[in-house]
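Asks: Handing you this structure, nothing more for now.
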Amino acid sequence: MKSTALGATGVSISAIGLGGFELGPERGQEPDLAGAQSLLAAAESAGINWVDTSENYHDNANEELIGAALGSVGGDFLVTTKVAPSAGLSAAASGFRREQIHRGCRSSLQRLQRDHIDVYLLHWPDRSGDVPLEESWGAMAELADEGLVRAVGLSNYELPDIERAHRQRSVDLIQTGLSLVHCLEDRPLIGGCADLGIPVTIYEPLAGGILSGQTLAEQRERWAAYADSGFYRNLLEAERGERSAAVAAGVGRLAERKGCTTAQLAIAWVLHQRGIVAALAGTRKPARVAENARAADVDASDVIDDLEALIPLGPAFA
Ligand SMILES: NC(=O)c1ccc[n+]([C@@H]2O[C@H](COP(=O)([O-])OP(=O)(O)OC[C@H]3O[C@@H](n4cnc5c(N)ncnc54)[C@H](OP(=O)(O)O)[C@@H]3O)[C@@H](O)[C@H]2O)c1
């Protein structure tokens, strides 16, 4: 699989990464070590060389599980993880003060059972306004200088902040969301990163599974427990759900013409965008890991105009 070097960091990531969040453990469930091992092994044999997690995924337990499961793949399999500001959704967030980030990194290393993190990211901006970006980003630079992390990046930041951080110390990687049905307003940001020469990786390329062969009823049932979330309201609620399904159906028709699956073409559209070097897809099913990995071989260029024409049918235009 094609891979991209992150500047001079020595880190090179494959065009598809394995989303770690889906490895669990969901609240109230025991960690499934054998399940996590088989997903990682499926990823490695499909040519994927990295898994993405965060300290706050399942309150630290996702990093712990991935750390325990990494023995099932080669020692050079890469890990990206994130430190989260404390003013947020999760209790398992270190905070963005310099000392908090240093402590958070060391705790992540312990849970991951590694002596370094390949890519360490600030998960989302500190919206409390208490901690200047310069302090947090300076701490990330120190961790890189110490050799505890090989590359540093930002997730869910706006372009002016990315530029500001990049002036202080190069941003090695951006992680942000994009799919044919959501986060489309971030396309200028991605283009701006391309202009700065900062590689961009994308989460939720399948919009949480909406852009796959599944029916709207199946999607709504799958997401029923999160019906009060912004994700559900924007993509699956009345009318918007039908619009999401119309885009998914359109992708499905084009995929059939190309001899690939809906999910593969949805990911291939993401990878076709200027500046994007990799997409993260998450699944609990090893066969889907292999399916998603093969999206890296799908060349979407001959159907790009048809895919773009589907976007206005989608929920962002409701
Ligand atoms: N930085 C951030 O703020 C942020 C935010 C969100 C996510 N992330 C990262 O990005 C990763 C990926 O995001 P995501 O998992 O939410 O996005 P996604 O890949 O768009 O959606 C994953 C969902 O799609 C389904 N799916 C995956 N492959 C499929 C296929 N081939 N056919 C049908 N359904 C399929 C999965 O269900 P099954 O399990 O049933 O297959 C899963 O629930 C996460 O694991 C996490 O590491 C980062």
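Each chain in the structure tokens gets a letter, A, B, ..., in the order shown, and its residues are numbered from 1; ligands are numbered from 1 in order too.
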Write out as a tab-separated table the residues of chain A that have any atom within 8 Å of an atom of ligand 1, one row each with the nearest atom pair and its distance in Å to one decimal, counting only C-alpha atoms and all ligand atoms, sorted by chain and then rising number.

Replies:
residue	atom	partner	partner_atom_place_in_ligand_line	distance
A:Leu18	CA	ligand 1	45 (O)	6.9
A:Gly19	CA	ligand 1	45 (O)	3.1
A:Gly20	CA	ligand 1	45 (O)	4.2
A:Phe21	CA	ligand 1	45 (O)	3.8
A:Glu22	CA	ligand 1	45 (O)	5.4
A:Leu23	CA	ligand 1	45 (O)	7.8
A:Val51	CA	ligand 1	47 (O)	7.3
A:Asp52	CA	ligand 1	47 (O)	4.5
A:Thr53	CA	ligand 1	47 (O)	5.0
A:Ser54	CA	ligand 1	47 (O)	7.5
A:His123	CA	ligand 1	1 (N)	5.9
A:Trp124	CA	ligand 1	3 (O)	6.9
A:Ser155	CA	ligand 1	1 (N)	5.3
A:Asn156	CA	ligand 1	3 (O)	6.2
A:Gln175	CA	ligand 1	1 (N)	5.8
A:Thr176	CA	ligand 1	1 (N)	6.0
A:Gly177	CA	ligand 1	5 (C)	6.8
A:Ser179	CA	ligand 1	20 (O)	7.7
A:Ile202	CA	ligand 1	10 (O)	7.3
A:Tyr203	CA	ligand 1	10 (O)	4.1
A:Glu204	CA	ligand 1	20 (O)	3.1
A:Pro205	CA	ligand 1	20 (O)	4.3
A:Leu206	CA	ligand 1	20 (O)	3.3
A:Ala207	CA	ligand 1	20 (O)	4.0
A:Gly208	CA	ligand 1	21 (O)	3.1
A:Gly209	CA	ligand 1	24 (O)	3.2
A:Ile210	CA	ligand 1	24 (O)	7.0
A:Leu211	CA	ligand 1	33 (C)	7.5
A:Ser212	CA	ligand 1	33 (C)	4.7
A:Gly213	CA	ligand 1	33 (C)	6.3
A:Gln214	CA	ligand 1	33 (C)	6.8
A:Thr261	CA	ligand 1	31 (N)	7.8
A:Thr262	CA	ligand 1	32 (N)	7.7
A:Ala263	CA	ligand 1	31 (N)	5.1
A:Gln264	CA	ligand 1	31 (N)	7.0
A:Leu280	CA	ligand 1	12 (C)	4.8
A:Ala281	CA	ligand 1	19 (O)	3.4
A:Gly282	CA	ligand 1	15 (O)	3.6
A:Thr283	CA	ligand 1	39 (O)	3.5
A:Arg284	CA	ligand 1	39 (O)	3.8
A:Lys285	CA	ligand 1	41 (O)	5.3
A:Arg288	CA	ligand 1	31 (N)	4.5
A:Val289	CA	ligand 1	28 (N)	6.8
A:Glu291	CA	ligand 1	31 (N)	5.7
A:Asn292	CA	ligand 1	31 (N)	5.4

Asks: Filtering to N, CA and C atoms, could you give me those residues as a compact mmCIF listing (two decimals), in the first residue's frame?

Replies:
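As a result, part_33.txt now contains:
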# COMPACT_ATOMS: atom_id res chain seq x y z
N LEU A 18 -5.91 2.13 10.66
CA LEU A 18 -6.98 1.41 11.38
C LEU A 18 -7.53 2.32 12.48
N GLY A 19 -8.82 2.60 12.44
CA GLY A 19 -9.46 3.36 13.52
C GLY A 19 -9.46 2.51 14.78
N GLY A 20 -8.91 3.07 15.86
CA GLY A 20 -8.77 2.27 17.07
C GLY A 20 -10.01 2.27 17.95
N PHE A 21 -10.82 3.32 17.85
CA PHE A 21 -11.95 3.48 18.77
C PHE A 21 -12.85 2.25 18.76
N GLU A 22 -13.06 1.68 17.57
CA GLU A 22 -13.99 0.55 17.43
C GLU A 22 -13.48 -0.71 18.14
N LEU A 23 -12.20 -0.74 18.52
CA LEU A 23 -11.69 -1.92 19.21
C LEU A 23 -12.23 -2.02 20.64
N VAL A 51 -2.32 2.34 13.68
CA VAL A 51 -3.61 2.35 14.37
C VAL A 51 -3.71 3.67 15.13
N ASP A 52 -4.93 4.20 15.19
CA ASP A 52 -5.15 5.50 15.82
C ASP A 52 -5.99 5.33 17.09
N THR A 53 -5.53 5.95 18.18
CA THR A 53 -6.28 5.88 19.43
C THR A 53 -6.20 7.25 20.11
N SER A 54 -6.64 7.31 21.35
CA SER A 54 -6.54 8.54 22.13
C SER A 54 -6.65 8.19 23.61
N HIS A 123 -5.88 16.79 20.72
CA HIS A 123 -7.12 16.20 20.18
C HIS A 123 -8.10 17.23 19.63
N TRP A 124 -8.31 18.28 20.37
CA TRP A 124 -9.14 19.39 19.88
C TRP A 124 -8.75 20.63 20.67
N SER A 155 -5.45 17.95 15.82
CA SER A 155 -6.71 17.39 15.34
C SER A 155 -7.84 18.37 15.64
N ASN A 156 -8.69 18.59 14.68
CA ASN A 156 -9.89 19.44 14.85
C ASN A 156 -9.56 20.91 15.08
N GLN A 175 -5.17 15.87 11.66
CA GLN A 175 -6.24 14.87 11.58
C GLN A 175 -7.56 15.62 11.69
N THR A 176 -8.42 15.43 10.68
CA THR A 176 -9.71 16.10 10.70
C THR A 176 -10.74 15.22 10.00
N GLY A 177 -12.02 15.61 10.10
CA GLY A 177 -13.07 14.76 9.53
C GLY A 177 -13.44 15.18 8.12
N SER A 179 -16.23 13.47 4.80
CA SER A 179 -16.85 12.42 3.99
C SER A 179 -17.75 13.10 2.99
N ILE A 202 -7.64 11.75 7.55
CA ILE A 202 -9.08 11.97 7.67
C ILE A 202 -9.73 10.88 8.51
N TYR A 203 -10.56 11.32 9.48
CA TYR A 203 -11.39 10.36 10.20
C TYR A 203 -12.82 10.39 9.67
N GLU A 204 -13.56 9.35 10.00
CA GLU A 204 -14.97 9.19 9.57
C GLU A 204 -15.18 9.33 8.06
N PRO A 205 -14.34 8.70 7.25
CA PRO A 205 -14.54 8.79 5.79
C PRO A 205 -15.83 8.10 5.35
N LEU A 206 -16.34 7.20 6.20
CA LEU A 206 -17.59 6.50 5.88
C LEU A 206 -18.78 7.12 6.61
N ALA A 207 -18.54 8.26 7.26
CA ALA A 207 -19.58 8.90 8.08
C ALA A 207 -20.18 7.87 9.03
N GLY A 208 -19.29 7.20 9.75
CA GLY A 208 -19.74 6.24 10.76
C GLY A 208 -20.48 5.05 10.18
N GLY A 209 -20.24 4.73 8.90
CA GLY A 209 -20.86 3.54 8.29
C GLY A 209 -22.03 3.88 7.39
N ILE A 210 -22.45 5.17 7.35
CA ILE A 210 -23.58 5.56 6.49
C ILE A 210 -23.23 5.31 5.02
N LEU A 211 -21.96 5.59 4.66
CA LEU A 211 -21.54 5.41 3.27
C LEU A 211 -21.06 3.98 3.05
N SER A 212 -21.98 3.06 3.20
CA SER A 212 -21.67 1.65 2.96
C SER A 212 -22.93 1.05 2.36
N GLY A 213 -22.94 -0.22 2.18
CA GLY A 213 -24.10 -0.84 1.51
C GLY A 213 -25.32 -1.01 2.40
N GLN A 214 -25.25 -0.49 3.63
CA GLN A 214 -26.37 -0.76 4.55
C GLN A 214 -27.55 0.19 4.31
N THR A 261 -16.69 -1.77 -3.73
CA THR A 261 -17.82 -1.62 -2.82
C THR A 261 -18.08 -0.12 -2.54
N THR A 262 -19.27 0.15 -1.99
CA THR A 262 -19.63 1.53 -1.65
C THR A 262 -18.60 2.14 -0.70
N ALA A 263 -18.24 1.38 0.33
CA ALA A 263 -17.28 1.88 1.33
C ALA A 263 -15.94 2.20 0.66
N GLN A 264 -15.51 1.31 -0.23
CA GLN A 264 -14.21 1.54 -0.88
C GLN A 264 -14.23 2.82 -1.72
N LEU A 280 -8.67 7.12 7.89
CA LEU A 280 -8.79 6.17 9.02
C LEU A 280 -10.17 5.54 8.96
N ALA A 281 -10.24 4.24 8.83
CA ALA A 281 -11.55 3.60 8.87
C ALA A 281 -11.57 2.63 10.05
N GLY A 282 -12.67 2.64 10.76
CA GLY A 282 -12.78 1.77 11.93
C GLY A 282 -13.88 0.75 11.75
N THR A 283 -13.66 -0.46 12.20
CA THR A 283 -14.67 -1.51 12.13
C THR A 283 -14.36 -2.57 13.17
N ARG A 284 -15.39 -3.28 13.56
CA ARG A 284 -15.20 -4.39 14.50
C ARG A 284 -15.03 -5.71 13.77
N LYS A 285 -14.96 -5.66 12.43
CA LYS A 285 -14.97 -6.91 11.63
C LYS A 285 -13.71 -7.02 10.78
N ARG A 288 -13.93 -6.51 7.06
CA ARG A 288 -14.09 -5.12 6.62
C ARG A 288 -12.78 -4.34 6.69
N VAL A 289 -11.89 -4.74 7.59
CA VAL A 289 -10.56 -4.11 7.62
C VAL A 289 -9.90 -4.33 6.26
N GLU A 291 -11.38 -5.11 3.42
CA GLU A 291 -12.16 -4.38 2.38
C GLU A 291 -11.74 -2.91 2.34
N ASN A 292 -11.68 -2.29 3.51
CA ASN A 292 -11.34 -0.87 3.57
C ASN A 292 -9.90 -0.62 3.11

Asks: Env of Val171 of chain A: 8 Å cut, atoms = only C-alpha atoms, seq-sep filter 6 positions within chain, self excluded. Answer as a list in words.

Replies: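 Listing them by chain and then by number gives Val152, Gly153, Leu154, Ile162, Ala165 and Ile198 of chain A.
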
Asks: Selection from above, N, CA and C atoms, as a PDB file, in the first residue's frame, can you write it?

Replies:
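Just written: again19.pdb:
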ATOM      1  N   VAL A 152       4.522  15.207  15.688  1.00  0.00           N
ATOM      2  CA  VAL A 152       3.445  15.862  16.450  1.00  0.00           C
ATOM      3  C   VAL A 152       2.436  16.484  15.496  1.00  0.00           C
ATOM      4  N   GLY A 153       1.172  16.493  15.954  1.00  0.00           N
ATOM      5  CA  GLY A 153       0.137  17.013  15.080  1.00  0.00           C
ATOM      6  C   GLY A 153      -1.034  17.604  15.830  1.00  0.00           C
ATOM      7  N   LEU A 154      -1.988  18.114  15.052  1.00  0.00           N
ATOM      8  CA  LEU A 154      -3.183  18.764  15.582  1.00  0.00           C
ATOM      9  C   LEU A 154      -4.417  18.103  14.988  1.00  0.00           C
ATOM     10  N   ILE A 162      -3.654  26.419  13.036  1.00  0.00           N
ATOM     11  CA  ILE A 162      -2.656  25.507  12.442  1.00  0.00           C
ATOM     12  C   ILE A 162      -1.463  26.327  11.950  1.00  0.00           C
ATOM     13  N   ALA A 165       0.569  27.583  14.972  1.00  0.00           N
ATOM     14  CA  ALA A 165       1.407  26.522  15.549  1.00  0.00           C
ATOM     15  C   ALA A 165       2.571  26.186  14.621  1.00  0.00           C
ATOM     16  N   ILE A 198       1.571  20.511   4.900  1.00  0.00           N
ATOM     17  CA  ILE A 198       1.289  19.664   6.067  1.00  0.00           C
ATOM     18  C   ILE A 198       0.368  18.511   5.630  1.00  0.00           C
TER      19      ILE A 198
END

Asks: Give the strand (DSSP E) residues of segment 81-305 of chain A, as assigned by DSSP on the backbone, as JSON, numbers by chain.

Replies: {"A": [81, 82, 83, 117, 118, 119, 120, 121, 122, 149, 150, 151, 152, 153, 154, 155, 173, 174, 175, 176, 177, 200, 201, 202, 203, 276, 277, 278, 279, 280, 281]}

Asks: Take the residues just selected and output them with C-alpha atoms as a short mmCIF file (atom, residue, chain, number, x, y, z; two decimals), in the first residue's frame.

Replies:
data_model
loop_
_atom_site.label_atom_id
_atom_site.label_comp_id
_atom_site.auth_asym_id
_atom_site.auth_seq_id
_atom_site.Cartn_x
_atom_site.Cartn_y
_atom_site.Cartn_z
CA THR A 81 -2.56 8.83 19.94
CA LYS A 82 -3.87 12.07 21.35
CA VAL A 83 -3.93 14.18 24.47
CA ILE A 117 4.65 7.36 20.38
CA ASP A 118 4.90 7.60 16.60
CA VAL A 119 2.48 10.53 16.20
CA TYR A 120 1.12 12.50 19.17
CA LEU A 121 -1.74 14.94 18.58
CA LEU A 122 -3.60 17.66 20.46
CA VAL A 149 7.28 11.13 20.34
CA ARG A 150 8.50 10.99 16.75
CA ALA A 151 5.99 13.37 15.13
CA VAL A 152 3.45 15.86 16.45
CA GLY A 153 0.14 17.01 15.08
CA LEU A 154 -3.18 18.76 15.58
CA SER A 155 -6.71 17.39 15.34
CA LEU A 173 0.28 15.93 10.66
CA ILE A 174 -3.31 17.14 10.73
CA GLN A 175 -6.24 14.87 11.58
CA THR A 176 -9.71 16.10 10.70
CA GLY A 177 -13.07 14.76 9.53
CA VAL A 200 -3.72 15.63 6.33
CA THR A 201 -5.32 12.42 7.59
CA ILE A 202 -9.08 11.97 7.67
CA TYR A 203 -11.39 10.36 10.20
CA ILE A 276 -4.95 14.14 2.04
CA VAL A 277 -2.42 11.38 2.59
CA ALA A 278 -4.46 8.83 4.54
CA ALA A 279 -7.94 7.89 5.75
CA LEU A 280 -8.79 6.17 9.02
CA ALA A 281 -11.55 3.60 8.87
#

Asks: Would you kindly return, as a compact mmCIF listing (two decimals) with N, CA, C and O atoms, in the first residue's frame, each protein, DNA or RNA residue with an atom no farther than 12 Å from any atom of segment 248-260 of chain A, considering only C-alpha atoms and excluding same-chain residues fewer than 2 positions away?

Replies:
# COMPACT_ATOMS: atom_id res chain seq x y z
N SER A 179 -16.23 13.47 4.80
CA SER A 179 -16.85 12.42 3.99
C SER A 179 -17.75 13.10 2.99
O SER A 179 -17.95 14.33 3.05
N LEU A 180 -18.32 12.34 2.11
CA LEU A 180 -19.22 12.90 1.09
C LEU A 180 -20.49 13.48 1.70
O LEU A 180 -21.23 14.18 1.02
N VAL A 181 -20.75 13.19 3.00
CA VAL A 181 -21.96 13.74 3.61
C VAL A 181 -21.70 14.67 4.80
O VAL A 181 -22.64 15.29 5.30
N LEU A 206 -16.34 7.20 6.20
CA LEU A 206 -17.59 6.50 5.88
C LEU A 206 -18.78 7.12 6.61
O LEU A 206 -19.87 6.54 6.62
N ALA A 207 -18.54 8.26 7.26
CA ALA A 207 -19.58 8.90 8.08
C ALA A 207 -20.18 7.87 9.03
O ALA A 207 -21.41 7.68 9.11
N GLY A 209 -20.24 4.73 8.90
CA GLY A 209 -20.86 3.54 8.29
C GLY A 209 -22.03 3.88 7.39
O GLY A 209 -22.56 3.01 6.69
N ILE A 210 -22.45 5.17 7.35
CA ILE A 210 -23.58 5.56 6.49
C ILE A 210 -23.23 5.31 5.02
O ILE A 210 -24.07 4.86 4.24
N LEU A 211 -21.96 5.59 4.66
CA LEU A 211 -21.54 5.41 3.27
C LEU A 211 -21.06 3.98 3.05
O LEU A 211 -19.88 3.71 2.81
N SER A 212 -21.98 3.06 3.20
CA SER A 212 -21.67 1.65 2.96
C SER A 212 -22.93 1.05 2.36
O SER A 212 -23.88 1.77 2.08
N GLY A 213 -22.94 -0.22 2.18
CA GLY A 213 -24.10 -0.84 1.51
C GLY A 213 -25.32 -1.01 2.40
O GLY A 213 -26.32 -1.58 1.97
N GLN A 214 -25.25 -0.49 3.63
CA GLN A 214 -26.37 -0.76 4.55
C GLN A 214 -27.55 0.19 4.31
O GLN A 214 -27.36 1.32 3.86
N THR A 215 -28.76 -0.27 4.66
CA THR A 215 -29.96 0.54 4.44
C THR A 215 -30.06 1.63 5.52
O THR A 215 -29.43 1.54 6.58
N LEU A 216 -30.90 2.63 5.23
CA LEU A 216 -31.12 3.71 6.20
C LEU A 216 -31.71 3.16 7.50
O LEU A 216 -31.32 3.58 8.60
N GLN A 219 -28.98 1.72 9.50
CA GLN A 219 -28.15 2.79 10.08
C GLN A 219 -28.83 3.41 11.30
O GLN A 219 -28.21 3.64 12.32
N LEU A 235 -27.09 13.80 10.41
CA LEU A 235 -26.95 12.84 9.31
C LEU A 235 -28.06 11.81 9.21
O LEU A 235 -28.25 11.20 8.16
N GLY A 241 -31.64 12.02 7.09
CA GLY A 241 -31.32 10.60 6.90
C GLY A 241 -31.58 10.16 5.47
O GLY A 241 -30.75 9.47 4.86
N GLU A 242 -32.70 10.61 4.92
CA GLU A 242 -33.04 10.25 3.53
C GLU A 242 -32.00 10.86 2.58
O GLU A 242 -31.61 10.24 1.59
N ARG A 243 -31.56 12.07 2.89
CA ARG A 243 -30.53 12.70 2.06
C ARG A 243 -29.19 11.94 2.14
O ARG A 243 -28.52 11.72 1.13
N SER A 244 -28.82 11.52 3.37
CA SER A 244 -27.59 10.72 3.51
C SER A 244 -27.71 9.44 2.70
O SER A 244 -26.76 9.03 2.01
N ALA A 245 -28.89 8.82 2.78
CA ALA A 245 -29.10 7.55 2.08
C ALA A 245 -29.05 7.75 0.56
O ALA A 245 -28.56 6.88 -0.17
N ALA A 246 -29.52 8.93 0.09
CA ALA A 246 -29.48 9.19 -1.35
C ALA A 246 -28.03 9.27 -1.83
O ALA A 246 -27.68 8.75 -2.90
N THR A 262 -19.27 0.15 -1.99
CA THR A 262 -19.63 1.53 -1.65
C THR A 262 -18.60 2.14 -0.70
O THR A 262 -18.13 3.25 -0.90
N ALA A 263 -18.24 1.38 0.33
CA ALA A 263 -17.28 1.88 1.33
C ALA A 263 -15.94 2.20 0.66
O ALA A 263 -15.33 3.24 0.94
N GLN A 264 -15.51 1.31 -0.23
CA GLN A 264 -14.21 1.54 -0.88
C GLN A 264 -14.23 2.82 -1.72
O GLN A 264 -13.28 3.60 -1.68
N LEU A 265 -15.33 3.06 -2.44
CA LEU A 265 -15.35 4.27 -3.28
C LEU A 265 -15.48 5.53 -2.42
O LEU A 265 -14.88 6.56 -2.74
N ALA A 266 -16.22 5.43 -1.31
CA ALA A 266 -16.33 6.60 -0.41
C ALA A 266 -14.95 6.96 0.14
O ALA A 266 -14.60 8.15 0.25
N ILE A 267 -14.17 5.96 0.49
CA ILE A 267 -12.81 6.22 1.00
C ILE A 267 -11.91 6.72 -0.13
O ILE A 267 -11.10 7.65 0.06
N ALA A 268 -12.07 6.13 -1.32
CA ALA A 268 -11.22 6.55 -2.46
C ALA A 268 -11.47 8.02 -2.81
O ALA A 268 -10.54 8.73 -3.19
N TRP A 269 -12.74 8.48 -2.67
CA TRP A 269 -13.02 9.91 -2.91
C TRP A 269 -12.23 10.78 -1.93
O TRP A 269 -11.63 11.79 -2.31
N GLU A 291 -11.38 -5.11 3.42
CA GLU A 291 -12.16 -4.38 2.38
C GLU A 291 -11.74 -2.91 2.34
O GLU A 291 -11.46 -2.36 1.28
N ASN A 292 -11.68 -2.29 3.51
CA ASN A 292 -11.34 -0.87 3.57
C ASN A 292 -9.90 -0.62 3.11
O ASN A 292 -9.61 0.39 2.47
N ARG A 294 -8.35 -2.16 0.82
CA ARG A 294 -8.27 -2.21 -0.65
C ARG A 294 -8.79 -0.93 -1.30
O ARG A 294 -8.59 -0.71 -2.50
N ALA A 295 -9.42 -0.06 -0.51
CA ALA A 295 -9.84 1.25 -1.05
C ALA A 295 -8.64 2.03 -1.54
O ALA A 295 -8.76 2.88 -2.44
N ALA A 296 -7.46 1.77 -0.97
CA ALA A 296 -6.26 2.50 -1.39
C ALA A 296 -5.90 2.18 -2.85
O ALA A 296 -5.19 2.95 -3.49
N ASP A 297 -6.41 1.05 -3.37
CA ASP A 297 -6.11 0.68 -4.76
C ASP A 297 -7.17 1.18 -5.74
O ASP A 297 -7.05 0.98 -6.94
N VAL A 298 -8.24 1.79 -5.21
CA VAL A 298 -9.33 2.24 -6.09
C VAL A 298 -9.00 3.66 -6.57
O VAL A 298 -8.84 4.57 -5.75
N ASP A 299 -8.90 3.82 -7.88
CA ASP A 299 -8.65 5.14 -8.45
C ASP A 299 -10.00 5.79 -8.78
O ASP A 299 -10.69 5.33 -9.69
N ALA A 300 -10.35 6.82 -8.04
CA ALA A 300 -11.68 7.44 -8.21
C ALA A 300 -11.69 8.50 -9.30
O ALA A 300 -12.74 9.11 -9.55
N SER A 301 -10.55 8.74 -9.97
CA SER A 301 -10.48 9.93 -10.84
C SER A 301 -11.52 9.92 -11.96
O SER A 301 -12.03 10.97 -12.32
N ASP A 302 -11.88 8.73 -12.48
CA ASP A 302 -12.83 8.72 -13.61
C ASP A 302 -14.28 8.95 -13.16
O ASP A 302 -15.15 9.18 -14.00
N VAL A 303 -14.55 8.91 -11.86
CA VAL A 303 -15.93 9.16 -11.40
C VAL A 303 -16.01 10.36 -10.43
O VAL A 303 -17.01 10.55 -9.76
N ILE A 304 -14.91 11.11 -10.36
CA ILE A 304 -14.87 12.22 -9.40
C ILE A 304 -16.00 13.21 -9.63
O ILE A 304 -16.69 13.63 -8.69
N ASP A 305 -16.25 13.56 -10.89
CA ASP A 305 -17.32 14.54 -11.16
C ASP A 305 -18.68 13.98 -10.74
O ASP A 305 -19.52 14.69 -10.18
N ASP A 306 -18.88 12.68 -10.99
CA ASP A 306 -20.16 12.05 -10.59
C ASP A 306 -20.29 12.04 -9.07
O ASP A 306 -21.37 12.24 -8.53
N LEU A 307 -19.19 11.78 -8.38
CA LEU A 307 -19.24 11.77 -6.90
C LEU A 307 -19.51 13.18 -6.37
O LEU A 307 -20.33 13.37 -5.48
N GLU A 308 -18.83 14.16 -6.96
CA GLU A 308 -19.04 15.55 -6.52
C GLU A 308 -20.50 15.97 -6.75
O GLU A 308 -21.06 16.73 -5.95
N ALA A 309 -21.10 15.46 -7.82
CA ALA A 309 -22.49 15.84 -8.14
C ALA A 309 -23.47 15.27 -7.10
O ALA A 309 -24.59 15.75 -6.99
N LEU A 310 -23.03 14.27 -6.34
CA LEU A 310 -23.91 13.69 -5.31
C LEU A 310 -23.96 14.58 -4.06
O LEU A 310 -24.94 14.54 -3.31
N ILE A 311 -22.91 15.36 -3.84
CA ILE A 311 -22.80 16.11 -2.57
C ILE A 311 -24.00 17.00 -2.29
O ILE A 311 -24.54 16.98 -1.17
N PRO A 312 -24.50 17.77 -3.29
CA PRO A 312 -25.65 18.64 -3.00
C PRO A 312 -26.93 17.88 -2.63
O PRO A 312 -27.85 18.48 -2.07
N LEU A 313 -26.99 16.60 -2.92
CA LEU A 313 -28.16 15.80 -2.50
C LEU A 313 -28.11 15.53 -1.01
O LEU A 313 -29.10 15.12 -0.40
N GLY A 314 -26.95 15.74 -0.39
CA GLY A 314 -26.70 15.26 0.97
C GLY A 314 -27.25 16.15 2.06
O GLY A 314 -27.79 17.24 1.80
N PRO A 315 -27.11 15.71 3.31
CA PRO A 315 -27.71 16.39 4.46
C PRO A 315 -27.15 17.79 4.72
O PRO A 315 -27.85 18.62 5.30

Asks: Pick from A:Leu70, A:Ile16, A:Ala290, A:Leu271: nearest to Leu178 of chain A, with only C-alpha atoms counted?

Replies: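 Using only C-alpha atoms, the shortest distance to Leu178 of chain A belongs to A:Leu271.
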
Asks: Report as an MDAnalysis selection string: the residues of segment 48-241 of chain A with a DSSP assignment of helix (DSSP H, G or I), based on the backbone of this structure.

Replies: chainID A and resid 61:72 98:112 133:146 159:168 184:196 207:209 216:222 224:226 230:235 240:241

Asks: Find the residues near Arg164 of chain A: any atom within 9 Å, counting only C-alpha atoms, skip ones fewer than 5 places away on the same chain, and give them as a PDB file with C-alpha atoms, in the first residue's frame.

Replies:
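Below you can see part32.pdb, which holds the result:
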ATOM      1  CA  LEU A 133      -1.863  27.254  22.095  1.00  0.00           C
ATOM      2  CA  GLU A 134       1.812  28.260  22.272  1.00  0.00           C
ATOM      3  CA  LEU A 159      -6.551  26.895   9.796  1.00  0.00           C
TER       4      LEU A 159
END

Asks: Within 9 Å of Gln37 of chain A, counting only C-alpha atoms, which residues show up once you throw out same-chain ones fewer than 5 positions away? Write them as a PyMOL selection string, please.

Replies: chain A and resi 32+42+66+68-73

Asks: Please, could you write that set of residues out with N, CA, C and O atoms as a PDB file, in the first residue's frame?

Replies:
ATOM      1  N   ASP A  32     -11.890  -7.011  24.832  1.00  0.00           N
ATOM      2  CA  ASP A  32     -11.807  -8.229  24.030  1.00  0.00           C
ATOM      3  C   ASP A  32     -10.414  -8.273  23.387  1.00  0.00           C
ATOM      4  O   ASP A  32     -10.210  -7.792  22.271  1.00  0.00           O
ATOM      5  N   ALA A  42      -5.345  -8.380  10.996  1.00  0.00           N
ATOM      6  CA  ALA A  42      -5.993  -8.203   9.683  1.00  0.00           C
ATOM      7  C   ALA A  42      -5.478  -6.931   9.020  1.00  0.00           C
ATOM      8  O   ALA A  42      -5.228  -6.893   7.811  1.00  0.00           O
ATOM      9  N   ILE A  66      -5.200  -1.617  23.208  1.00  0.00           N
ATOM     10  CA  ILE A  66      -4.318  -1.614  22.030  1.00  0.00           C
ATOM     11  C   ILE A  66      -2.888  -1.940  22.454  1.00  0.00           C
ATOM     12  O   ILE A  66      -2.191  -2.726  21.805  1.00  0.00           O
ATOM     13  N   ALA A  68      -1.969  -3.815  24.886  1.00  0.00           N
ATOM     14  CA  ALA A  68      -1.895  -5.256  25.152  1.00  0.00           C
ATOM     15  C   ALA A  68      -1.939  -6.071  23.865  1.00  0.00           C
ATOM     16  O   ALA A  68      -1.346  -7.146  23.784  1.00  0.00           O
ATOM     17  N   ALA A  69      -2.640  -5.540  22.850  1.00  0.00           N
ATOM     18  CA  ALA A  69      -2.850  -6.313  21.610  1.00  0.00           C
ATOM     19  C   ALA A  69      -1.727  -6.125  20.601  1.00  0.00           C
ATOM     20  O   ALA A  69      -1.613  -6.903  19.648  1.00  0.00           O
ATOM     21  N   LEU A  70      -0.890  -5.103  20.784  1.00  0.00           N
ATOM     22  CA  LEU A  70       0.119  -4.792  19.769  1.00  0.00           C
ATOM     23  C   LEU A  70       1.131  -5.922  19.562  1.00  0.00           C
ATOM     24  O   LEU A  70       1.792  -5.978  18.519  1.00  0.00           O
ATOM     25  N   GLY A  71       1.214  -6.817  20.538  1.00  0.00           N
ATOM     26  CA  GLY A  71       2.117  -7.958  20.397  1.00  0.00           C
ATOM     27  C   GLY A  71       1.746  -8.850  19.221  1.00  0.00           C
ATOM     28  O   GLY A  71       2.584  -9.633  18.745  1.00  0.00           O
ATOM     29  N   SER A  72       0.514  -8.723  18.713  1.00  0.00           N
ATOM     30  CA  SER A  72       0.089  -9.591  17.603  1.00  0.00           C
ATOM     31  C   SER A  72       0.576  -9.070  16.252  1.00  0.00           C
ATOM     32  O   SER A  72       0.370  -9.710  15.227  1.00  0.00           O
ATOM     33  N   VAL A  73       1.185  -7.880  16.255  1.00  0.00           N
ATOM     34  CA  VAL A  73       1.740  -7.353  14.999  1.00  0.00           C
ATOM     35  C   VAL A  73       3.214  -7.002  15.212  1.00  0.00           C
ATOM     36  O   VAL A  73       3.699  -6.976  16.342  1.00  0.00           O
TER      37      VAL A  73
END
